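> Just dropping this structure here.
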Amino acid sequence: MKPLSAILIFGLPVVVILGFWAMALFDRRNATGPRTATFIERNGWPVSIYLILGVGIWMLVLIVLPQLYMVDYSFHPKLPSSARGGPRDFYTLQNYQYFLFGSTQSTAEWNVTHLNAFWMTIVISIFITILNFVICYPMAYFLAQVGTPGQVRTYMLLLIIPYWVNELLRAFAFGILFGTGGVINKLLIGAGLLGTPIDFIGRDIALYAGLTYAYLLLMMFPLYNAIEALDHNQVEAARDLGAPWWHIHLNVVMPFAKPGIASGCTLVFMLAAGALAAPLVLGGPKSLWFTPIVYDRFYQAFNWNQGSAYALILLLTCIAFVLLVMRLFKVSFSEIAR
Amino acid sequence: MSADVDLDNVSIRFGDFTAVRQANLKIKGGEFFSILGPSGCGKTTLLRAISGFLDPSEGEIRIGGKSMVGIGPNLRPTALIFQNLALFPLMTVAENIGYGLRVRGVAKADRSAKVKDLLNLVALPDQGAKRISELSGGQKQRVAIARALAVEPQVLLLDEPLSALDLRLRQHMRNELRSIQRRVGITFIYITHDQGEALTMSDRVAVMNAGVIEQVGDGRSVYDDPKTTFVASFVGENNDFEGTVVSADGAEAVVDTALGRLKGRRGEGVKTGDKASLFIRPERLRIASNGETPVITADVSSQAFEGNATQLFLRGPADKMISVSLSRRDDLGPIATGQKLGLSFAPKDAVVLATGSTR
C-alpha cells in the first residue's frame with residue numbers, strides 16, 4: 001500500500017476525532033450556566049474507558065475503516081495482489097468512468113444499463129418508501145392512539161412474528177405467491193377474474209411487494225413510537241375546535257410525528273436501495289436492481305475496485321438524497337435519533 | 001350567543017359499570033354552572049358526553065334546545081378546555097388560538113385580527129409569536145381559554161383547568177375566569193373537585209357522587225342546606241354526629257348520638273327510628289356562655305391559630321372528635337389544651353339527614 005493511502009485510511013479518522021474533540025472543548029468553554037459533570041466524572045474511569053473503547057472500536061474498526069478501505073480501493077485499478085503498490089498501481093477515476101460510460105477508456109457512449117438500474121433503484125426506493133408510509137401510518141396511528149393495550153399486543157405480535165422467518169425465505173415465499181402458477185394467480189383465475197396468469201415477477205410487481213414488505217417494521221416502529229408520544233387530548237382538542245379528521249392528521253399528528261416519519265423513511269429508503277436478497281430472488285429477467293450489479297462487480301467480474309466505486313456511488317447518492325429531504329422537511333439529526 | 005344545556009335522563013355505561021346514572025340538568029344560557037364531585041364520580045364523563053366525545057347510553061342532551069344525538073364534537077356549539085389544556089406544542093400562541101378559525105377557512109387577515117382581540121381579552125397582548133413552551137402555567141391557561149373562545153362557542157366546557165396551577169395563581173384565575181365569563185356572556189360548565197372553586201365562581205353548582213347528581217343549587221343553598229349526607233360532608237367542613245332519630249315532627253328532629261341528644265332541622269324524609277346524622281358546621285358551633293347549659297361538653301385536644309379564626313379540635317364522649325371554628329369576634333383569648341369546654345349551637349344551624357340518603 002502506498003504511504004498516501006495509509007495516511008488517508010489511518011489519518012482521517014484521527015483528524016475527525018480531533019476535530020470533534022476541539023468542537024466539544026470550544027462548546028464547553030463558551031457554555032454558560034453552572035458547569036456540569038464531565039463524562040468521566042459522571043461514569044467513572046472503568047465505565048468511561050469501556051464506553052469510549054466499545055463505541056470507538058465499533059465505529060472505527062467495524063464501520064469507518066472498512067469503508068475507508070473501500071474508498072481507497074475505488075480509486076485504484078484492478079490489479080493482482082502481487083502488483084499492488086508496484087509501478088502499475090496509481091490513483092485513477094477509471095472505476096467511476098466505467099460506471100458512467102461502460103468503458104475505462106472511451107467516453108463515447110453512456111453506460112445505459114448500469115445508469116438505468118441506478119436511476120430505477122433510487123426512484124423505486126422512493127416509491128417503496130412512500131408506499132410503506134401510506135401502509136404503516138394508519139396502522140401506527142391505530143396502535144398508538146386508538147387500540148386497547150390487548151389489541152396493541154396482538155397486532156404487534158402479528159407484525160413481528162413473520163420477521164422471525166429469514167429474509168431469503170420470505171423472498172422465496174413471495175416468489176411462490178406471485179409466480180405464474182402461484183397462489184395469487186390461481187385464486188384470480190379460479191375466481192374467474194383472469195383468463196391467463198399475470199406475470200407478476202416479470203413486471204416487477206413481486207419485487208416491489210417483497211421490498212415493501214421486507215422493511216415494513218422499520219417504518220412501523222419509528223412511526224408508532226412518535227405517534228404514541230402524542231397526547232390524545234390534542235387530537236380531541238383539534239376535533240373539538242371543529243377540525244375534520246384529515247386536517248387533524250396533517251396539522252396536528254404528522255407535524256408531531258415528523259421525527260418518527262423521517263427516521264422511518266430514512267431507514268426504509270436506505271435499506272430498500274441497498275437490498276440484495278429480494279432483488280436477487282424476486283427480480284424478473286429484465287429487471288435490474290443496482291445492488292446485484294454491485295455484487296456482480298465483486299464476485300462475477302472479480303473487480304473489487306470497480307465494486308467499491310459502485311457501492312460508494314450508491315451510498316453517497318443515498319446519503320445526499322436523505323440529507324436533501326431532511327433539509328426540505330426541516331428535520332435535524334438529533335430529532336431522528338430521538 | 002349563549003345556549004341552554006339540557007340533560008334529560010342521561011345515563012352513561014361502560015360495560016357493566018355505570019359512570020353516570022340518570023342525570024337531569026337544566027343549565028340556563030349564560031350561566032356559570034359547576035359540577036362538583038370527588039374524582040371518579042363521573043363528572044368528566046358527563047362533560048365528555050356534552051362535548052360529544054362519547055354518546056350517552058340512554059337519555060338525550062340538548063344544546064340550545066337542539067338534540068345533540070349523532071352530532072360529533074367538531075359540529076357542536078361547544079368548546080372544551082382540557083384538564084392538561086392540550087395546547088399544540090409545535091404551534092405558536094397565535095397559531096393555537098387561530099386553529100379553530102383556520103379549520104373554518106377564515107381568511108388570514110380576519111384570523112389575525114380575531115386572535116389579536118382574543119389575546120387582549122385574556123390579557124396576553126402581543127404574545128402571539130411566542131412558543132407554548134415559553135409560557136408560564138397561568139399564561140398557558142389563558143391561551144387555552146382564548147383558543148376555545150375563538151370558535152365562538154355557545155357553551156364553554158372546562159375540565160378542572162386550574163388544578164395544575166399553584167394556589168395563588170388558582171385564586172387569581174378564578175376571578176379571571178369569572179370576569180371573562182361575564183364579558184363574553186356564554187354558558188360555562190365547569191368541572192371541579194375543589195368546592196372552593198365551585199362555590200366562589202358559580203351561579204349554580206351540581207354536586208355529584210358515584211355517578212349520581214345529588215343536589216343542584218346556588219353555592220349558599222348547597223352549603224347551608226345540604227339534602228344528602230354526601231353533600232353535607234363533601235361541601236365544606238362539617239361535623240357528622242351519627243345516631244338514631246328519636247323524634248321527628250314538624251321542622252325539627254332529634255338524634256340520639258354518642259354526644260347525647262342533639263336537635264337540628266329535619267331533613268327530607270327523616271322519620272323516628274331512622275339511622276341518621278346530625279351535621280353542624282364548625283363555624284356554627286360556639287362556646288356556651290356562662291349560665292347557659294351546654295349542648296355538648298368536650299375536652300380541647302388541639303388547636304390551630306389561623307389569624308382570622310381559631311380552629312379547635314375537641315374530644316367528646318366516646319372519643320368523638322368535634323371541630324370548632326371560632327371567629328375573632330367570639331375569641332375568648334388563649335384556650336388551654338385539655339380544658340373542658342361547653343359547646344352550643346342553634347338547632348336551625350344543624351341539619352338531620354337520614355344515613356345513606358341519596359337522590
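Chain labels run A, B, ... following the order of the C-alpha cells; each chain numbers its residues from 1, and ligands are numbered from 1 in the order shown.
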Per residue of chain B within 7 Å of chain A, note the shortest atom pair and the distance in Å to one decimal, counting only C-alpha atoms, and order the rows by chain and increasing residue number, as a Markdown table.


```
| residue | atom | partner | partner_atom | distance |
| --- | --- | --- | --- | --- |
| B:Pro73 | CA | A:Asp240 | CA | 5.1 |
| B:Asn74 | CA | A:Gly242 | CA | 3.8 |
| B:Leu75 | CA | A:Gly242 | CA | 6.2 |
| B:Ala79 | CA | A:Asp240 | CA | 6.1 |
| B:Leu80 | CA | A:Asp240 | CA | 6.7 |
| B:Ala86 | CA | A:Gln234 | CA | 5.0 |
| B:Leu87 | CA | A:Gln234 | CA | 6.7 |
| B:Phe88 | CA | A:Gln234 | CA | 6.6 |
| B:Gly100 | CA | A:Leu241 | CA | 4.9 |
| B:Val103 | CA | A:Ala243 | CA | 5.5 |
| B:Val151 | CA | A:Leu241 | CA | 6.9 |
```

> Which residues are close to Thr38 in chain A, i.e. within 12 Å by only C-alpha atoms, leaving aside same-chain residues fewer than 3 positions away? Reply as an mmCIF file with C-alpha atoms, in the first residue's frame.


```cif
data_model
loop_
_atom_site.group_PDB
_atom_site.id
_atom_site.type_symbol
_atom_site.label_atom_id
_atom_site.label_comp_id
_atom_site.auth_asym_id
_atom_site.auth_seq_id
_atom_site.Cartn_x
_atom_site.Cartn_y
_atom_site.Cartn_z
ATOM 1 C CA ALA A 24 -16.547 19.842 22.271
ATOM 2 C CA LEU A 25 -13.842 21.846 24.046
ATOM 3 C CA ARG A 28 -17.607 23.787 26.880
ATOM 4 C CA ARG A 35 -20.555 23.604 34.906
ATOM 5 C CA GLU A 41 -16.718 12.286 36.371
ATOM 6 C CA ARG A 42 -20.219 11.010 35.792
ATOM 7 C CA ASN A 43 -19.353 7.470 34.790
ATOM 8 C CA GLY A 44 -16.028 6.812 36.484
ATOM 9 C CA TRP A 45 -12.874 5.677 34.681
ATOM 10 C CA SER A 48 -15.824 5.580 30.607
#
```

> Between B:Leu157, B:Leu36, B:Met91, B:Leu162, which is the closest to Gln141 in chain B once you count only C-alpha atoms?

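Between B:Leu157, B:Leu36, B:Met91, B:Leu162, the residue approaching Gln141 in chain B most closely is B:Leu162.
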
> Run DSSP on the backbone and give me the residues of range 108-218 of chain A it puts in alpha helix (DSSP H), as a PyMOL selection string.

chain A and resi 112-141+149-160+167-178+183-190+205-214+216-218

> One decimal, Å: what's the distance from CA of Asn225 in chain A over to CA of Gly260 in chain A, could you say?

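Between CA of Asn225 in chain A and CA of Gly260 in chain A the gap is 7.1 Å.
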
> Please compute the CA of Gln154 in chain B-CA of Leu101 in chain B distance, one decimal, in Å.

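Value for the CA of Gln154 in chain B-CA of Leu101 in chain B distance: 15.4 Å.
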
> Please identify all polymer residues within 9 Å of Phe90 in chain A, counting only C-alpha atoms, omitting same-chain residues fewer than 3 positions from it, and present them as a PyMOL selection string.

chain A and resi 75-77+85-87

> Now that the selection is made, can you save its residues with C-alpha atoms as a PDB file, in the first residue's frame?


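The resulting out.pdb:
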```
ATOM      1  CA  PHE A  75      -9.542   4.932  -6.797  1.00  0.00           C
ATOM      2  CA  HIS A  76      -7.172   2.159  -7.853  1.00  0.00           C
ATOM      3  CA  PRO A  77      -7.158  -0.009 -10.970  1.00  0.00           C
ATOM      4  CA  GLY A  85       1.864  -0.902  -4.541  1.00  0.00           C
ATOM      5  CA  GLY A  86       4.004  -1.552  -7.637  1.00  0.00           C
ATOM      6  CA  PRO A  87       4.585   0.719 -10.617  1.00  0.00           C
TER       7      PRO A  87
END
```

> Extract, using only C-alpha atoms, all DNA, RNA and protein residues at most 12 Å from Gln105 in chain A, discarding same-chain residues fewer than 3 positions from it, and format them as number ranges by chain.

A: 92-102, 108-109

> Quick one: write out the picked residues with N, CA and C atoms as a short mmCIF file (atom, residue, chain, number, x, y, z; two decimals), in the first residue's frame?


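Just written: part.cif:
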```cif
data_model
loop_
_atom_site.label_atom_id
_atom_site.label_comp_id
_atom_site.auth_asym_id
_atom_site.auth_seq_id
_atom_site.Cartn_x
_atom_site.Cartn_y
_atom_site.Cartn_z
N THR A 92 -6.66 6.60 -9.83
CA THR A 92 -7.37 6.73 -11.09
C THR A 92 -8.86 6.90 -10.84
N LEU A 93 -9.54 7.49 -11.80
CA LEU A 93 -11.00 7.62 -11.73
C LEU A 93 -11.68 6.62 -12.64
N GLN A 94 -10.90 5.65 -13.14
CA GLN A 94 -11.43 4.81 -14.20
C GLN A 94 -12.62 3.96 -13.75
N ASN A 95 -12.67 3.63 -12.44
CA ASN A 95 -13.82 2.83 -11.97
C ASN A 95 -15.12 3.63 -12.04
N TYR A 96 -14.98 4.92 -11.76
CA TYR A 96 -16.16 5.79 -11.85
C TYR A 96 -16.51 6.06 -13.30
N GLN A 97 -15.47 6.16 -14.09
CA GLN A 97 -15.68 6.36 -15.51
C GLN A 97 -16.44 5.18 -16.10
N TYR A 98 -16.09 3.99 -15.63
CA TYR A 98 -16.77 2.80 -16.15
C TYR A 98 -18.25 2.84 -15.82
N PHE A 99 -18.58 3.30 -14.63
CA PHE A 99 -19.98 3.40 -14.23
C PHE A 99 -20.74 4.31 -15.19
N LEU A 100 -20.15 5.41 -15.57
CA LEU A 100 -20.83 6.37 -16.44
C LEU A 100 -20.82 5.95 -17.90
N PHE A 101 -19.67 5.42 -18.38
CA PHE A 101 -19.54 5.22 -19.82
C PHE A 101 -19.37 3.77 -20.25
N GLY A 102 -19.30 2.86 -19.31
CA GLY A 102 -19.23 1.44 -19.66
C GLY A 102 -17.87 1.04 -20.21
N ALA A 108 -17.37 7.75 -25.12
CA ALA A 108 -18.24 7.98 -26.27
C ALA A 108 -19.70 7.64 -25.97
N GLU A 109 -19.90 6.56 -25.22
CA GLU A 109 -21.29 6.12 -25.00
C GLU A 109 -21.60 6.04 -23.52
#
```

> With only C-alpha atoms as the counted atoms, please give the residues lying no more than 7 Å from Lys275 in chain B, apart from itself and same-chain residues fewer than 3 positions off, as a ChimeraX atom specification.

/B:243-245,354-355

> For the atom pair CA of Gly65 in chain B and CA of Asp8 in chain B, what is the interatomic distance in Å to one decimal place?

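Rounded to one decimal, the two atoms are 11.4 Å apart.
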
> Just the strand (DSSP E) stuff from range 114-313 of chain B, please, per backbone DSSP, written as a count of residues only.

70

> Please provide the set of residues having any atom within 7 Å of Arg147 in chain B, restricted to only C-alpha atoms, with same-chain residues fewer than 3 positions apart removed, written as an MDAnalysis selection string.

chainID B and resid 96:98 143:144 150

> Export, as a PDB file, in the first residue's frame, the selected residues with N, CA and C atoms.


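Just written: part.pdb:
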```pdb
ATOM      1  N   ASN B  96     -52.113  28.577  17.776  1.00  0.00           N
ATOM      2  CA  ASN B  96     -53.003  27.803  18.633  1.00  0.00           C
ATOM      3  C   ASN B  96     -54.386  28.433  18.683  1.00  0.00           C
ATOM      4  N   ILE B  97     -54.410  29.731  18.963  1.00  0.00           N
ATOM      5  CA  ILE B  97     -55.693  30.413  19.113  1.00  0.00           C
ATOM      6  C   ILE B  97     -56.442  30.426  17.784  1.00  0.00           C
ATOM      7  N   GLY B  98     -55.679  30.568  16.694  1.00  0.00           N
ATOM      8  CA  GLY B  98     -56.325  30.665  15.388  1.00  0.00           C
ATOM      9  C   GLY B  98     -56.691  29.326  14.770  1.00  0.00           C
ATOM     10  N   VAL B 143     -54.153  31.053  27.141  1.00  0.00           N
ATOM     11  CA  VAL B 143     -54.131  30.697  25.721  1.00  0.00           C
ATOM     12  C   VAL B 143     -55.201  29.642  25.442  1.00  0.00           C
ATOM     13  N   ALA B 144     -55.316  28.667  26.359  1.00  0.00           N
ATOM     14  CA  ALA B 144     -56.320  27.611  26.171  1.00  0.00           C
ATOM     15  C   ALA B 144     -57.726  28.221  26.144  1.00  0.00           C
ATOM     16  N   ALA B 150     -62.175  31.314  20.537  1.00  0.00           N
ATOM     17  CA  ALA B 150     -62.006  31.777  19.160  1.00  0.00           C
ATOM     18  C   ALA B 150     -63.102  31.262  18.240  1.00  0.00           C
TER      19      ALA B 150
END
```

> Nearest to Val254 in chain B among B:Arg48, B:Lys271, B:Arg220, B:Arg142, with distances taken over only C-alpha atoms: which residue is it?

B:Lys271

> Fewer than 4 positions away in the same chain doesn't count, so skip those; otherwise give me all residues within 9 Å of Met321 in chain B, counting only C-alpha atoms, as a PDB file with N, CA and C atoms, in the first residue's frame.


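This is the output file part.pdb:
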```pdb
ATOM      1  N   ASN B 239     -69.232  18.714  60.939  1.00  0.00           N
ATOM      2  CA  ASN B 239     -69.209  17.697  61.988  1.00  0.00           C
ATOM      3  C   ASN B 239     -70.358  16.740  61.734  1.00  0.00           C
ATOM      4  N   ALA B 298     -66.921  18.879  75.960  1.00  0.00           N
ATOM      5  CA  ALA B 298     -65.787  18.139  75.393  1.00  0.00           C
ATOM      6  C   ALA B 298     -64.482  18.761  75.843  1.00  0.00           C
ATOM      7  N   SER B 301     -58.537  19.142  72.459  1.00  0.00           N
ATOM      8  CA  SER B 301     -57.493  18.167  72.165  1.00  0.00           C
ATOM      9  C   SER B 301     -56.329  18.844  71.448  1.00  0.00           C
ATOM     10  N   PHE B 313     -60.012  21.540  68.039  1.00  0.00           N
ATOM     11  CA  PHE B 313     -60.405  20.143  67.886  1.00  0.00           C
ATOM     12  C   PHE B 313     -60.651  19.596  69.272  1.00  0.00           C
ATOM     13  N   LEU B 314     -61.862  19.156  69.520  1.00  0.00           N
ATOM     14  CA  LEU B 314     -62.239  18.693  70.849  1.00  0.00           C
ATOM     15  C   LEU B 314     -62.566  17.216  70.823  1.00  0.00           C
ATOM     16  N   ARG B 315     -62.291  16.569  71.955  1.00  0.00           N
ATOM     17  CA  ARG B 315     -62.610  15.156  72.099  1.00  0.00           C
ATOM     18  C   ARG B 315     -63.818  15.060  73.022  1.00  0.00           C
ATOM     19  N   GLY B 316     -64.926  14.578  72.447  1.00  0.00           N
ATOM     20  CA  GLY B 316     -66.156  14.478  73.217  1.00  0.00           C
ATOM     21  C   GLY B 316     -66.316  13.097  73.805  1.00  0.00           C
ATOM     22  N   PRO B 317     -67.485  12.786  74.331  1.00  0.00           N
ATOM     23  CA  PRO B 317     -67.761  11.442  74.826  1.00  0.00           C
ATOM     24  C   PRO B 317     -67.561  10.417  73.710  1.00  0.00           C
TER      25      PRO B 317
END
```
